[in-house]
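Colleague: Structure incoming, see below.
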Amino acid sequence: MAAPRTQGAAPGGEEDGDRNRSGAGVASSEDSKDCILEPLSLPESPGGASSPEGPPSVPCICCEDRFPVAQQDQLLKHMIIEHKVVIADVRLVADFPRYILYWRKRFAERPVTDFCSVIRINSTAPPEEQDHYFLLCDVLPEDRVLREELQRQKLKGILEQQQRERNDNSFHGVCMFCNEEFLGNRSVLLNHMTREHAFNIGLPDNIVNCREFLCMLQKKLDNLQCLYCEKTFRDRSTLRDHMRKKQHRRINPRNREYDQFYVINYLELGKSWEEVQLEDDRELLDPQEEDWSDWEELPVAAVCLFCEKQAETIEKLCVHMEEAHEFDLPKIKSELGLNFYQQVKLVNFIRRQVHQSRCYGCRARFASRADLRAHLEEAKHAALLPALETWDQPQYYFPTYENDSLLCTLSDSESNLAAREPGGGVTVISEDTSQLHALKRSSVLNQLLRQEGLRS
């Protein structure tokens with residue numbers, strides 16, 4: 001039976017108690033529905049509804065249309081067709097979105113003609129057929145200052161990123177050629193690819209955003225594309241043979257896609273590495289510059305034949321190899337009377353044996369170069385060269401490492417040649433060609449041909 005709606009004394013106490021208990025139960029259930037059991041937050045979007053996240057976009061400089069940052073050309077096309085606005089030298093703008101936002105605000109404050117040069121199209125036609133375009137360029141001082149400021153901020157961010165990568169010892173990468181993993185500083189992986197695979201993309205301190213750079217190169221290799229000529233091959237072995245035989249283990253310097261990973265491309269406003277280097281060459285080739293007294297030749301670091309030690313001069317490197325490995329290269333050169341080409345073959349022979357972890361003294365093979373070095377120090381086999389005919393072979397004309405600077409420091413001067421020859425230089429006397437017919441009849445070649453004919 002329903003409880004009465006009017007308030008008053010009930011005929012019985014039990015009915016009051018029951019009614020009070022039922023009323024309390026209804027109130028508690030209603031209160032439980034209104035309880036807030038979790039934190040609430042107001043919507044961040046101005047309209048009150050959250051908008052789905054999408055790729056970053058840039059608004060038009062004159063209207064409300066927006067374009068993705070990656071479609072910069074579409075935005076420029078829209079501005080030309082719809083608003084007759086042309087931005088000069090867009091490639092010189094370091095931060096295009098911020099550049100557009102700045103001028104969008106300025107165009108809202110003052111007329112476009114206060115900032116842009118007006119270009120009249122079809123000036124000889126009637127006024128109704130003439131058209132006007134508005135050119136925004138760095139001739140305007142405000143635009144020039146804006147571009148330079150954006151360039152400075154871009155360079156500052158690049159240098160900060162480079163410093164973070166330089167000090168980052170948590171880098172983890174895999175070699176693109178042998179799949180060996182490296183953990184530590186990025187320079188460990190880059191130096192490994194340079195030393196072991198002759199793949200040099202530059203000094204680590206000249207590179208920025210190294211992870212993205214290596215991922216881009218790895219993706220090209222996964223797509224079976226040569227990094228230098230950018231041709232695509234049918235399988236990985238064919239690509240590997242092509243890059244080795246054609247010496248294409250390097251990147252294409254003409255590919256502008258790689259410019260973003262080199263600090264030199266951010267140093268000056270709108271200048272690439274080629275333009276910066278060209279300016280340096282022009283300064284060197286200036287005919288008015290004749291004073292070379294301040295010329296300082298950059299030292300070439302040569303690597304030890306047995307370990308990773310580097311030295312700026314051949315003399316320091318020879319001292320190191322004699323003290324650390326008991327290998328005296330000048331003494332061997334003097335005792336064996338090696339000329340320049342024999343020195344080249346000897347160095348390439350030792351490089352190949354050490355690269356293969358093989359002792360050239362006892363022909364023993366080891367699991368690693370560290371084990372080989374320990375064996376050479378213990379057995380004193382570094383100075384135990386095999387017979388001359390073992391390494392004086394044409395195959396060792398070719399360097400084991402393409403960037404072996406030690407080969408460039410070898411020398412065979414005229415004084416050394418004269419010192420090895422007790423009789424001095426050999427005098428060569430040409431034949432007398434005044435009686436050519438008699439010379440042909442008595443030529444040694446004719447005798448050799450006759451003997452060859454008799455043997456056959």
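Each chain in the structure tokens gets a letter, A, B and so on, in the order shown; residues start at 1 in every chain, and ligands are counted from 1 in the order they appear.
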I'd like the neighbourhood of region 59-64 of chain A as a list in words, where a residue qualifies if any of its atoms comes within 8 Å (using only C-alpha atoms), though same-chain residues fewer than 3 positions away should be ignored.

Modeller: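 The residues that qualify are Phe67, Leu75, Met79, His83, Ile100, Leu101, Trp103, Arg104 and Phe107 of chain A.
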
Colleague: Mind pulling up the distance from CA of Leu406 (chain A) to CA of Ala311 (chain A)?

Modeller: 9.7 Å

Colleague: Show which residues sit within 6 Å of Gln310 (chain A), as a compact mmCIF listing (two decimals) with all heavy atoms, in the first residue's frame. Count only C-alpha atoms, and ignore same-chain residues fewer than 6 positions away.

Modeller:
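In the end it all went to out37.txt:
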# COMPACT_ATOMS: atom_id res chain seq x y z
N ALA A 301 96.28 10.50 -39.92
CA ALA A 301 96.45 9.50 -38.88
C ALA A 301 96.57 8.13 -39.53
O ALA A 301 95.67 7.69 -40.25
CB ALA A 301 95.28 9.53 -37.90
N ALA A 302 97.70 7.45 -39.29
CA ALA A 302 97.92 6.10 -39.79
C ALA A 302 97.70 5.11 -38.65
O ALA A 302 98.00 5.40 -37.49
CB ALA A 302 99.32 5.96 -40.36
N VAL A 303 97.16 3.94 -38.99
CA VAL A 303 96.79 2.93 -37.99
C VAL A 303 97.86 1.85 -37.95
O VAL A 303 98.42 1.46 -38.99
CB VAL A 303 95.41 2.32 -38.32
CG1 VAL A 303 94.98 1.33 -37.24
CG2 VAL A 303 94.37 3.42 -38.48

Colleague: Quick one: of A:Asn209, A:Asp65, A:Cys215, A:Ala198, who's nearest to Gln247 (chain A), counting only C-alpha atoms?

Modeller: A:Ala198

Colleague: Name the residues in contact with region 116-122 of chain A at a cut-off of 9 Å, using only C-alpha atoms, excluding same-chain residues fewer than 4 positions from it; report them as number ranges by chain.

Modeller: A: 85, 112, 126, 129-137, 140

Colleague: Using only all heavy atoms, please write the residues we just selected to a file, as a compact mmCIF listing (two decimals), in the first residue's frame.

Modeller:
# COMPACT_ATOMS: atom_id res chain seq x y z
N VAL A 85 49.83 35.24 -53.86
CA VAL A 85 50.96 35.51 -52.98
C VAL A 85 52.08 34.51 -53.30
O VAL A 85 51.84 33.30 -53.32
CB VAL A 85 50.57 35.43 -51.50
CG1 VAL A 85 51.80 35.60 -50.60
CG2 VAL A 85 49.52 36.49 -51.17
N VAL A 112 48.49 43.68 -47.30
CA VAL A 112 49.56 42.87 -47.89
C VAL A 112 50.55 43.75 -48.64
O VAL A 112 51.75 43.48 -48.65
CB VAL A 112 48.95 41.80 -48.81
CG1 VAL A 112 50.03 41.00 -49.50
CG2 VAL A 112 48.02 40.89 -48.02
N PRO A 126 44.35 45.62 -71.34
CA PRO A 126 43.42 46.55 -70.69
C PRO A 126 43.42 46.35 -69.18
O PRO A 126 43.75 45.26 -68.69
CB PRO A 126 42.06 46.20 -71.31
CG PRO A 126 42.41 45.57 -72.62
CD PRO A 126 43.69 44.84 -72.41
N GLU A 129 41.93 43.21 -67.65
CA GLU A 129 42.59 41.94 -67.92
C GLU A 129 43.94 41.82 -67.21
O GLU A 129 44.57 40.76 -67.25
CB GLU A 129 42.80 41.76 -69.43
CG GLU A 129 41.50 41.68 -70.21
CD GLU A 129 41.75 41.48 -71.70
OE1 GLU A 129 42.94 41.32 -72.07
OE2 GLU A 129 40.78 41.48 -72.48
N GLN A 130 44.37 42.89 -66.60
CA GLN A 130 45.65 42.84 -65.88
C GLN A 130 45.48 42.12 -64.55
O GLN A 130 44.40 42.13 -63.95
CB GLN A 130 46.18 44.26 -65.66
CG GLN A 130 46.55 44.99 -66.94
CD GLN A 130 47.09 46.37 -66.66
OE1 GLN A 130 47.30 46.75 -65.51
NE2 GLN A 130 47.33 47.13 -67.73
N ASP A 131 46.55 41.51 -64.12
CA ASP A 131 46.53 40.78 -62.85
C ASP A 131 47.74 41.17 -62.03
O ASP A 131 48.78 41.57 -62.57
CB ASP A 131 46.53 39.27 -63.11
CG ASP A 131 45.90 38.52 -61.96
OD1 ASP A 131 45.65 39.14 -60.91
OD2 ASP A 131 45.68 37.29 -62.10
N HIS A 132 47.62 41.04 -60.72
CA HIS A 132 48.69 41.45 -59.82
C HIS A 132 49.06 40.28 -58.90
O HIS A 132 48.17 39.59 -58.39
CB HIS A 132 48.28 42.66 -58.97
CG HIS A 132 48.01 43.89 -59.77
ND1 HIS A 132 46.81 44.11 -60.41
CD2 HIS A 132 48.80 44.98 -60.04
CE1 HIS A 132 46.85 45.27 -61.05
NE2 HIS A 132 48.05 45.82 -60.84
N TYR A 133 50.36 40.09 -58.72
CA TYR A 133 50.86 39.10 -57.77
C TYR A 133 51.69 39.83 -56.72
O TYR A 133 52.28 40.89 -56.97
CB TYR A 133 51.72 38.05 -58.48
CG TYR A 133 50.91 37.04 -59.26
CD1 TYR A 133 50.46 37.33 -60.54
CD2 TYR A 133 50.59 35.81 -58.71
CE1 TYR A 133 49.71 36.41 -61.26
CE2 TYR A 133 49.85 34.88 -59.42
CZ TYR A 133 49.41 35.19 -60.69
OH TYR A 133 48.66 34.28 -61.39
N PHE A 134 51.73 39.24 -55.53
CA PHE A 134 52.40 39.86 -54.39
C PHE A 134 53.60 38.99 -54.01
O PHE A 134 53.43 37.82 -53.63
CB PHE A 134 51.44 40.02 -53.22
CG PHE A 134 50.19 40.77 -53.57
CD1 PHE A 134 49.02 40.08 -53.89
CD2 PHE A 134 50.16 42.16 -53.61
CE1 PHE A 134 47.86 40.76 -54.23
CE2 PHE A 134 49.01 42.84 -53.94
CZ PHE A 134 47.85 42.15 -54.26
N LEU A 135 54.80 39.56 -54.10
CA LEU A 135 56.03 38.83 -53.85
C LEU A 135 56.56 39.17 -52.46
O LEU A 135 56.86 40.33 -52.16
CB LEU A 135 57.08 39.18 -54.90
CG LEU A 135 58.45 38.51 -54.74
CD1 LEU A 135 58.33 37.00 -54.88
CD2 LEU A 135 59.46 39.08 -55.73
N LEU A 136 56.69 38.13 -51.62
CA LEU A 136 57.24 38.27 -50.28
C LEU A 136 58.67 37.72 -50.29
O LEU A 136 58.87 36.52 -50.49
CB LEU A 136 56.38 37.51 -49.26
CG LEU A 136 56.82 37.57 -47.79
CD1 LEU A 136 56.78 39.01 -47.28
CD2 LEU A 136 55.93 36.68 -46.92
N CYS A 137 59.65 38.59 -50.10
CA CYS A 137 61.05 38.16 -50.21
C CYS A 137 61.89 38.89 -49.18
O CYS A 137 61.41 39.79 -48.46
CB CYS A 137 61.58 38.42 -51.62
SG CYS A 137 61.56 40.15 -52.11
N LEU A 140 62.68 42.90 -48.19
CA LEU A 140 62.08 43.57 -47.04
C LEU A 140 62.94 43.28 -45.80
O LEU A 140 63.18 42.12 -45.46
CB LEU A 140 60.65 43.06 -46.83
CG LEU A 140 59.87 43.65 -45.67
CD1 LEU A 140 59.53 45.11 -45.95
CD2 LEU A 140 58.60 42.85 -45.42

Colleague: As a PyMOL selection string, please: all residues of region 57-234 of chain A that backbone DSSP puts in alpha helix (DSSP H).

Modeller: chain A and resi 72-83+96-109+141-167+186-197+210-222

Colleague: With a distance cut-off of 12 Å and only C-alpha atoms, select the neighbouring residues of Phe233 (chain A), excluding the residue or stretch itself and same-chain residues fewer than 6 positions from it, and output the selection as a VMD selection string.

Modeller: chain A and resid 220 to 227 239 to 243

Colleague: Give the strand (DSSP E) residues of region 90-259 of chain A, as assigned by DSSP on the backbone, as a PyMOL selection string.

Modeller: chain A and resi 117-121+131-136+171-174+181-184

Colleague: Which residues are near Ala70 (chain A)? Cut-off 12 Å, only C-alpha atoms, ignore same chain within fewer than 2 positions. Put them as a list of chain:residue names.

Modeller: A:Pro55, A:Pro56, A:Ser57, A:Val58, A:Arg66, A:Phe67, A:Pro68, A:Gln72, A:Asp73, A:Gln74, A:Leu75, A:Leu76, A:Phe96, A:Pro97
